[in-house]
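Participant: Enclosed is the structure file query_35.cif (mmCIF, N, CA and C atoms).
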```
data_target
loop_
_atom_site.label_atom_id
_atom_site.label_comp_id
_atom_site.auth_asym_id
_atom_site.auth_seq_id
_atom_site.Cartn_x
_atom_site.Cartn_y
_atom_site.Cartn_z
N MET G 28 67.68 100.72 77.56
CA MET G 28 68.17 101.64 78.58
C MET G 28 68.98 100.85 79.61
N ALA G 29 70.19 101.29 79.92
CA ALA G 29 71.07 100.58 80.84
C ALA G 29 70.67 100.85 82.28
N LYS G 30 70.90 99.85 83.13
CA LYS G 30 70.59 100.02 84.55
C LYS G 30 71.74 100.74 85.23
N LYS G 31 71.41 101.62 86.15
CA LYS G 31 72.41 102.35 86.90
C LYS G 31 72.56 101.71 88.27
N LYS G 32 73.81 101.60 88.76
CA LYS G 32 74.06 101.11 90.10
C LYS G 32 74.41 102.29 90.98
N ILE G 33 73.78 102.37 92.11
CA ILE G 33 74.06 103.43 93.07
C ILE G 33 74.82 102.80 94.21
N ILE G 34 75.99 103.33 94.51
CA ILE G 34 76.82 102.80 95.59
C ILE G 34 76.77 103.76 96.75
N THR G 35 76.35 103.26 97.91
CA THR G 35 76.27 104.08 99.12
C THR G 35 76.86 103.30 100.27
N THR G 36 77.00 103.98 101.40
CA THR G 36 77.43 103.28 102.61
C THR G 36 76.24 102.55 103.20
N GLN G 37 76.47 101.70 104.18
CA GLN G 37 75.41 100.88 104.73
C GLN G 37 74.32 101.70 105.40
N GLY G 38 74.67 102.78 106.07
CA GLY G 38 73.67 103.62 106.74
C GLY G 38 72.76 104.32 105.75
N GLU G 39 73.35 104.79 104.64
CA GLU G 39 72.57 105.48 103.63
C GLU G 39 71.74 104.50 102.80
N ALA G 40 72.17 103.26 102.71
CA ALA G 40 71.50 102.29 101.85
C ALA G 40 70.07 102.05 102.30
N ASN G 41 69.82 101.93 103.59
CA ASN G 41 68.46 101.69 104.08
C ASN G 41 67.56 102.90 103.83
N GLU G 42 68.10 104.08 104.07
CA GLU G 42 67.30 105.30 103.90
C GLU G 42 66.94 105.54 102.44
N VAL G 43 67.91 105.40 101.54
CA VAL G 43 67.68 105.66 100.13
C VAL G 43 66.79 104.57 99.53
N SER G 44 66.97 103.31 99.96
CA SER G 44 66.18 102.23 99.37
C SER G 44 64.70 102.36 99.73
N LYS G 45 64.41 102.95 100.87
CA LYS G 45 63.01 103.15 101.24
C LYS G 45 62.36 104.21 100.37
N THR G 46 63.13 105.23 100.01
CA THR G 46 62.55 106.33 99.25
C THR G 46 62.53 106.04 97.75
N ASN G 47 63.57 105.45 97.21
CA ASN G 47 63.66 105.25 95.76
C ASN G 47 63.21 103.88 95.31
N LYS G 48 63.19 102.90 96.21
CA LYS G 48 62.81 101.53 95.89
C LYS G 48 63.70 100.94 94.79
N LYS G 49 64.98 101.31 94.76
CA LYS G 49 65.93 100.76 93.79
C LYS G 49 66.89 99.83 94.51
N LYS G 50 67.46 98.92 93.74
CA LYS G 50 68.44 98.00 94.30
C LYS G 50 69.76 98.74 94.45
N LEU G 51 70.30 98.74 95.67
CA LEU G 51 71.53 99.46 95.96
C LEU G 51 72.64 98.47 96.28
N VAL G 52 73.86 98.86 95.95
CA VAL G 52 75.02 98.05 96.26
C VAL G 52 75.76 98.78 97.38
N SER G 53 75.91 98.14 98.53
CA SER G 53 76.58 98.78 99.66
C SER G 53 78.04 98.35 99.70
N THR G 54 78.89 99.25 100.19
CA THR G 54 80.31 98.96 100.32
C THR G 54 80.71 99.11 101.77
N LYS G 55 81.79 98.45 102.14
CA LYS G 55 82.33 98.59 103.49
C LYS G 55 83.39 99.67 103.48
N SER G 56 83.38 100.49 104.48
CA SER G 56 84.34 101.60 104.51
C SER G 56 85.69 101.19 105.09
N LYS G 57 85.78 100.02 105.70
CA LYS G 57 87.04 99.63 106.33
C LYS G 57 88.02 99.00 105.36
N GLY G 58 87.62 98.59 104.20
CA GLY G 58 88.55 98.02 103.24
C GLY G 58 88.07 96.69 102.72
N ILE G 59 88.88 96.10 101.87
CA ILE G 59 88.53 94.85 101.21
C ILE G 59 89.35 93.74 101.85
N LYS G 60 88.71 92.60 102.09
CA LYS G 60 89.45 91.46 102.61
C LYS G 60 90.29 90.87 101.49
N ARG G 61 91.49 90.51 101.82
CA ARG G 61 92.39 89.97 100.81
C ARG G 61 92.47 88.46 100.95
N GLY G 62 92.51 87.82 99.83
CA GLY G 62 92.62 86.37 99.81
C GLY G 62 94.05 85.93 100.01
N VAL G 63 94.27 84.63 100.06
CA VAL G 63 95.61 84.08 100.27
C VAL G 63 96.50 84.40 99.09
N ASN G 64 96.00 84.28 97.89
CA ASN G 64 96.81 84.53 96.70
C ASN G 64 97.21 85.99 96.57
N GLU G 65 96.31 86.87 96.93
CA GLU G 65 96.57 88.30 96.77
C GLU G 65 97.59 88.81 97.78
N SER G 66 97.56 88.33 99.01
CA SER G 66 98.48 88.83 100.03
C SER G 66 99.87 88.25 99.88
N SER G 67 100.00 87.07 99.28
CA SER G 67 101.31 86.46 99.13
C SER G 67 102.03 86.93 97.88
N ALA G 68 101.37 87.66 97.02
CA ALA G 68 102.00 88.17 95.79
C ALA G 68 103.00 89.25 96.14
N THR G 69 104.11 89.30 95.42
CA THR G 69 105.12 90.32 95.67
C THR G 69 104.82 91.54 94.80
N ARG G 70 105.11 92.70 95.35
CA ARG G 70 104.90 93.94 94.62
C ARG G 70 106.24 94.44 94.11
N GLU G 71 106.24 94.98 92.91
CA GLU G 71 107.46 95.53 92.34
C GLU G 71 107.67 96.93 92.90
N LEU G 72 108.90 97.21 93.37
CA LEU G 72 109.21 98.51 93.93
C LEU G 72 109.46 99.52 92.82
N VAL G 73 109.26 100.78 93.14
CA VAL G 73 109.43 101.84 92.16
C VAL G 73 110.92 102.04 91.85
N PHE G 74 111.75 102.05 92.88
CA PHE G 74 113.19 102.23 92.69
C PHE G 74 113.88 100.89 92.86
N GLY G 75 114.88 100.67 92.03
CA GLY G 75 115.65 99.44 92.10
C GLY G 75 116.94 99.63 92.88
N ARG G 76 117.75 98.59 92.87
CA ARG G 76 119.02 98.62 93.60
C ARG G 76 119.95 99.69 93.05
N GLU G 77 119.97 99.85 91.74
CA GLU G 77 120.86 100.84 91.13
C GLU G 77 120.44 102.27 91.48
N ASN G 78 119.14 102.52 91.57
CA ASN G 78 118.67 103.85 91.96
C ASN G 78 119.16 104.21 93.36
N TYR G 79 119.06 103.25 94.28
CA TYR G 79 119.51 103.52 95.65
C TYR G 79 121.03 103.70 95.71
N LYS G 80 121.75 103.03 94.84
CA LYS G 80 123.21 103.23 94.78
C LYS G 80 123.51 104.67 94.38
N TRP G 81 122.80 105.20 93.38
CA TRP G 81 123.02 106.58 92.94
C TRP G 81 122.58 107.58 94.00
N VAL G 82 121.52 107.25 94.74
CA VAL G 82 121.09 108.12 95.84
C VAL G 82 122.18 108.20 96.89
N GLY G 83 122.80 107.07 97.20
CA GLY G 83 123.90 107.05 98.18
C GLY G 83 125.10 107.85 97.71
N ILE G 84 125.43 107.73 96.43
CA ILE G 84 126.56 108.50 95.87
C ILE G 84 126.26 110.00 95.95
N GLY G 85 125.06 110.38 95.60
CA GLY G 85 124.68 111.80 95.67
C GLY G 85 124.72 112.33 97.08
N PHE G 86 124.22 111.52 98.04
CA PHE G 86 124.25 111.94 99.45
C PHE G 86 125.70 112.09 99.94
N ALA G 87 126.57 111.17 99.53
CA ALA G 87 127.98 111.25 99.93
C ALA G 87 128.64 112.51 99.36
N LEU G 88 128.30 112.87 98.11
CA LEU G 88 128.86 114.09 97.53
C LEU G 88 128.37 115.34 98.26
N ILE G 89 127.11 115.35 98.65
CA ILE G 89 126.59 116.50 99.39
C ILE G 89 127.29 116.63 100.74
N MET G 90 127.49 115.51 101.42
CA MET G 90 128.19 115.54 102.72
C MET G 90 129.65 115.97 102.55
N LEU G 91 130.29 115.49 101.48
CA LEU G 91 131.67 115.91 101.22
C LEU G 91 131.74 117.42 100.98
N GLY G 92 130.78 117.96 100.24
CA GLY G 92 130.74 119.40 100.01
C GLY G 92 130.55 120.18 101.31
N MET G 93 129.70 119.65 102.19
CA MET G 93 129.51 120.33 103.48
C MET G 93 130.79 120.30 104.31
N LEU G 94 131.50 119.18 104.30
CA LEU G 94 132.77 119.10 105.03
C LEU G 94 133.82 120.05 104.43
N LEU G 95 133.83 120.16 103.10
CA LEU G 95 134.76 121.09 102.47
C LEU G 95 134.41 122.54 102.82
N MET G 96 133.15 122.81 103.01
CA MET G 96 132.73 124.17 103.35
C MET G 96 133.15 124.55 104.77
N ILE G 97 133.29 123.55 105.63
CA ILE G 97 133.78 123.84 106.98
C ILE G 97 135.19 124.43 106.88
N GLY G 98 136.00 123.84 106.01
CA GLY G 98 137.32 124.39 105.69
C GLY G 98 138.31 124.31 106.84
N GLY G 99 139.33 125.12 106.74
CA GLY G 99 140.38 125.16 107.74
C GLY G 99 140.01 126.05 108.91
N PHE G 100 140.95 126.29 109.74
CA PHE G 100 140.70 127.14 110.91
C PHE G 100 141.86 128.12 111.05
N ASN G 101 141.58 129.19 111.73
CA ASN G 101 142.63 130.18 112.00
C ASN G 101 143.48 129.69 113.17
N GLU G 102 144.79 129.86 113.03
CA GLU G 102 145.68 129.46 114.12
C GLU G 102 145.47 130.35 115.35
N ASP G 103 145.26 131.63 115.09
CA ASP G 103 145.02 132.58 116.17
C ASP G 103 143.58 133.07 116.04
N PRO G 104 142.68 132.72 117.00
CA PRO G 104 141.28 133.12 116.89
C PRO G 104 141.07 134.64 116.91
N SER G 105 142.02 135.38 117.44
CA SER G 105 141.86 136.83 117.48
C SER G 105 142.24 137.49 116.15
N GLN G 106 142.88 136.76 115.26
CA GLN G 106 143.29 137.29 113.96
C GLN G 106 142.27 136.91 112.88
N TRP G 107 141.97 137.86 112.00
CA TRP G 107 141.05 137.62 110.89
C TRP G 107 141.88 137.31 109.65
N ASP G 108 141.75 136.09 109.13
CA ASP G 108 142.51 135.68 107.96
C ASP G 108 141.55 135.47 106.79
N GLU G 109 141.50 136.44 105.88
CA GLU G 109 140.56 136.37 104.76
C GLU G 109 140.88 135.24 103.80
N SER G 110 142.13 134.85 103.70
CA SER G 110 142.48 133.78 102.77
C SER G 110 141.87 132.45 103.21
N LYS G 111 141.67 132.25 104.49
CA LYS G 111 141.02 131.02 104.98
C LYS G 111 139.51 131.10 104.81
N ILE G 112 138.96 132.25 105.08
CA ILE G 112 137.50 132.38 105.05
C ILE G 112 136.98 132.47 103.62
N TYR G 113 137.62 133.26 102.79
CA TYR G 113 137.16 133.46 101.42
C TYR G 113 138.05 132.74 100.41
N GLY G 114 138.56 131.60 100.77
CA GLY G 114 139.45 130.85 99.89
C GLY G 114 138.68 130.04 98.85
N PHE G 115 139.45 129.41 97.97
CA PHE G 115 138.89 128.62 96.87
C PHE G 115 138.05 127.44 97.37
N GLN G 116 138.52 126.81 98.44
CA GLN G 116 137.83 125.61 98.94
C GLN G 116 136.41 125.92 99.42
N ARG G 117 136.23 126.99 100.14
CA ARG G 117 134.92 127.33 100.69
C ARG G 117 134.00 128.02 99.69
N THR G 118 134.56 128.85 98.82
CA THR G 118 133.70 129.66 97.96
C THR G 118 133.38 129.01 96.62
N LEU G 119 134.26 128.18 96.10
CA LEU G 119 134.02 127.58 94.79
C LEU G 119 133.91 126.06 94.82
N LEU G 120 134.88 125.41 95.42
CA LEU G 120 134.94 123.96 95.38
C LEU G 120 133.76 123.31 96.12
N ALA G 121 133.50 123.73 97.34
CA ALA G 121 132.43 123.12 98.14
C ALA G 121 131.05 123.30 97.51
N PRO G 122 130.67 124.49 97.05
CA PRO G 122 129.36 124.61 96.40
C PRO G 122 129.25 123.79 95.12
N MET G 123 130.34 123.66 94.36
CA MET G 123 130.30 122.85 93.14
C MET G 123 130.09 121.38 93.47
N VAL G 124 130.73 120.89 94.53
CA VAL G 124 130.56 119.49 94.92
C VAL G 124 129.13 119.25 95.42
N ILE G 125 128.57 120.20 96.15
CA ILE G 125 127.19 120.07 96.63
C ILE G 125 126.22 120.06 95.45
N LEU G 126 126.40 120.96 94.50
CA LEU G 126 125.52 120.99 93.33
C LEU G 126 125.66 119.73 92.49
N THR G 127 126.87 119.18 92.41
CA THR G 127 127.06 117.91 91.71
C THR G 127 126.30 116.80 92.43
N GLY G 128 126.33 116.79 93.75
CA GLY G 128 125.58 115.80 94.52
C GLY G 128 124.08 115.93 94.30
N LEU G 129 123.58 117.14 94.22
CA LEU G 129 122.16 117.34 93.95
C LEU G 129 121.79 116.88 92.54
N ALA G 130 122.68 117.10 91.58
CA ALA G 130 122.43 116.63 90.22
C ALA G 130 122.41 115.11 90.17
N VAL G 131 123.28 114.47 90.93
CA VAL G 131 123.29 113.00 90.99
C VAL G 131 121.98 112.51 91.62
N GLU G 132 121.46 113.20 92.61
CA GLU G 132 120.18 112.83 93.23
C GLU G 132 119.04 112.92 92.22
N VAL G 133 119.03 113.96 91.41
CA VAL G 133 117.99 114.10 90.38
C VAL G 133 118.11 112.97 89.37
N TYR G 134 119.36 112.64 88.99
CA TYR G 134 119.58 111.52 88.07
C TYR G 134 119.09 110.21 88.68
N ALA G 135 119.32 110.02 89.97
CA ALA G 135 118.89 108.78 90.63
C ALA G 135 117.37 108.66 90.65
N ILE G 136 116.67 109.76 90.79
CA ILE G 136 115.22 109.72 90.82
C ILE G 136 114.66 109.42 89.44
N PHE G 137 115.19 110.05 88.41
CA PHE G 137 114.64 109.90 87.07
C PHE G 137 115.20 108.70 86.30
N LYS G 138 116.20 108.02 86.82
CA LYS G 138 116.77 106.86 86.12
C LYS G 138 115.80 105.71 86.12
#
```
In C-alpha coordinates, how does this file's structure come out?

Facilitator:
Amino acid sequence: MAKKKIITTQGEANEVSKTNKKKLVSTKSKGIKRGVNESSATRELVFGRENYKWVGIGFALIMLGMLLMIGGFNEDPSQWDESKIYGFQRTLLAPMVILTGLAVEVYAIFK
(Lines of atoms letter the chains of each structure in order from A and count residues from 1; the text may use other names and numbers.)
(Lines give C-alpha, C1' and ligand atoms only; values in the text may rest on other atoms or scores of the structure.)
Protein backbone atom coordinates (compact mmCIF):
# COMPACT_ATOMS: atom_id res chain seq x y z
CA MET A 1 0.00 0.00 0.00
CA ALA A 2 1.46 3.38 -1.04
CA LYS A 3 1.86 6.22 1.43
CA LYS A 4 -0.19 9.33 0.84
CA LYS A 5 1.23 12.82 1.36
CA ILE A 6 -1.11 15.48 2.62
CA ILE A 7 -0.10 19.04 1.77
CA THR A 8 -1.53 21.82 3.93
CA THR A 9 -0.62 25.32 4.96
CA GLN A 10 1.38 25.86 8.13
CA GLY A 11 -1.65 26.83 10.24
CA GLU A 12 -3.59 23.75 9.22
CA ALA A 13 -0.59 21.45 9.63
CA ASN A 14 -0.53 21.68 13.43
CA GLU A 15 -4.28 21.15 13.77
CA VAL A 16 -4.49 18.20 11.38
CA SER A 17 -1.34 16.52 12.72
CA LYS A 18 -2.79 16.48 16.23
CA THR A 19 -5.96 14.78 15.07
CA ASN A 20 -4.65 12.35 12.44
CA LYS A 21 -1.12 11.74 13.76
CA LYS A 22 0.18 11.58 10.16
CA LYS A 23 3.31 13.16 8.75
CA LEU A 24 2.33 16.30 6.86
CA VAL A 25 4.28 18.32 4.32
CA SER A 26 3.74 22.07 4.74
CA THR A 27 4.15 24.62 1.97
CA LYS A 28 4.78 28.34 2.05
CA SER A 29 2.11 30.48 0.49
CA LYS A 30 4.46 33.32 -0.50
CA GLY A 31 6.35 31.40 -3.17
CA ILE A 32 9.51 29.46 -3.78
CA LYS A 33 12.99 30.89 -3.29
CA ARG A 34 14.97 30.84 -6.48
CA GLY A 35 18.57 29.87 -6.68
CA VAL A 36 21.31 31.69 -8.58
CA ASN A 37 21.13 29.34 -11.56
CA GLU A 38 17.37 29.54 -11.88
CA SER A 39 17.09 33.34 -11.79
CA SER A 40 19.90 33.93 -14.28
CA ALA A 41 18.40 31.59 -16.89
CA THR A 42 16.78 33.30 -19.87
CA ARG A 43 13.19 32.56 -20.78
CA GLU A 44 12.09 32.10 -24.36
CA LEU A 45 9.40 34.58 -25.41
CA VAL A 46 6.18 33.44 -27.03
CA PHE A 47 6.40 35.91 -29.92
CA GLY A 48 9.56 36.53 -31.88
CA ARG A 49 10.88 39.53 -33.75
CA GLU A 50 9.04 38.58 -36.93
CA ASN A 51 5.69 38.33 -35.11
CA TYR A 52 6.08 41.86 -33.78
CA LYS A 53 6.98 43.07 -37.28
CA TRP A 54 3.69 41.66 -38.60
CA VAL A 55 1.79 43.18 -35.67
CA GLY A 56 3.26 46.58 -36.59
CA ILE A 57 2.31 46.15 -40.25
CA GLY A 58 -1.25 45.21 -39.29
CA PHE A 59 -1.54 48.18 -36.93
CA ALA A 60 -0.27 50.52 -39.66
CA LEU A 61 -2.88 49.16 -42.10
CA ILE A 62 -5.66 49.69 -39.57
CA MET A 63 -4.53 53.28 -38.97
CA LEU A 64 -4.29 53.90 -42.72
CA GLY A 65 -7.86 52.63 -43.11
CA MET A 66 -9.05 54.96 -40.36
CA LEU A 67 -7.35 57.92 -42.06
CA LEU A 68 -8.94 56.96 -45.38
CA MET A 69 -12.32 56.83 -43.68
CA ILE A 70 -11.89 60.44 -42.56
CA GLY A 71 -11.84 61.27 -46.26
CA GLY A 72 -12.14 64.68 -47.83
CA PHE A 73 -14.11 67.66 -46.69
CA ASN A 74 -16.83 69.82 -48.15
CA GLU A 75 -15.67 73.18 -49.44
CA ASP A 76 -18.89 74.77 -48.25
CA PRO A 77 -20.05 73.43 -44.84
CA SER A 78 -23.62 74.50 -45.54
CA GLN A 79 -23.78 72.31 -48.69
CA TRP A 80 -24.40 68.55 -48.53
CA ASP A 81 -22.19 66.73 -51.03
CA GLU A 82 -23.12 63.04 -51.23
CA SER A 83 -20.21 62.20 -53.51
CA LYS A 84 -17.76 63.09 -50.71
CA ILE A 85 -19.68 61.38 -47.94
CA TYR A 86 -20.73 58.20 -49.76
CA GLY A 87 -17.74 57.96 -52.10
CA PHE A 88 -15.58 54.95 -52.93
CA GLN A 89 -12.82 55.93 -50.49
CA ARG A 90 -15.03 55.97 -47.39
CA THR A 91 -17.46 53.18 -48.18
CA LEU A 92 -15.30 50.53 -49.85
CA LEU A 93 -11.58 51.26 -49.76
CA ALA A 94 -11.22 52.21 -46.07
CA PRO A 95 -13.15 49.21 -44.67
CA MET A 96 -11.20 46.83 -46.94
CA VAL A 97 -7.88 48.24 -45.71
CA ILE A 98 -9.02 47.93 -42.07
CA LEU A 99 -10.14 44.32 -42.60
CA THR A 100 -6.81 43.56 -44.28
CA GLY A 101 -5.03 44.99 -41.24
CA LEU A 102 -7.09 42.80 -38.93
CA ALA A 103 -6.27 39.75 -41.06
CA VAL A 104 -2.57 40.60 -40.81
CA GLU A 105 -2.94 40.83 -37.01
CA VAL A 106 -4.49 37.34 -36.90
CA TYR A 107 -1.65 36.07 -39.09
CA ALA A 108 0.89 37.66 -36.73
CA ILE A 109 -0.63 35.94 -33.72
CA PHE A 110 -0.82 32.48 -35.28
CA LYS A 111 2.54 32.60 -37.10

Participant: Counting only N, CA and C atoms, which of G:Leu129, G:Ile112, G:Ala87, G:Val73 gets nearest to Gly99 of chain G?

Facilitator: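 Closest candidate: G:Ile112.
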
Participant: What is the distance between atom N of Gln106 of chain G and atom N of Met123 of chain G, in Å to one decimal?

Facilitator: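 About the pair atom N of Gln106 of chain G and atom N of Met123 of chain G: they are 27.7 Å apart.
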
Participant: From the options G:Gln116, G:Ser105, G:Ser110, G:Ile89, which residue's atoms come nearest to Gly128 of chain G, counting all atoms listed in the file?

Facilitator: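 Using all atoms listed in the file, Gly128 of chain G sits closest to G:Ile89.
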
Participant: Identify which of the residues G:Ile136, G:Gly92, G:Asp103, G:Gly85 lies closest to Leu119 of chain G, counting only C-alpha atoms when measuring atom-to-atom distances.

Facilitator: G:Gly92

Participant: For Leu91 of chain G, which residue out of G:Ala121, G:Lys111, G:Val133, G:Tyr79 is the nearest one, using all atoms listed in the file?

Facilitator: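 Ranking G:Ala121, G:Lys111, G:Val133, G:Tyr79 by distance to Leu91 of chain G, first place goes to G:Ala121.
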
Participant: Mind telling me what the PyMOL selection byres ((chain G and resi 131) around 8) catches here, as a list in words?

Facilitator: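 Answer for the PyMOL selection byres ((chain G and resi 131) around 8): Trp81, Val82, Gly83, Ile84, Gly85, Phe86, Ile125, Leu126, Thr127, Gly128, Leu129, Ala130, Glu132, Val133, Tyr134, Ala135, Ile136 and Phe137 of chain G.
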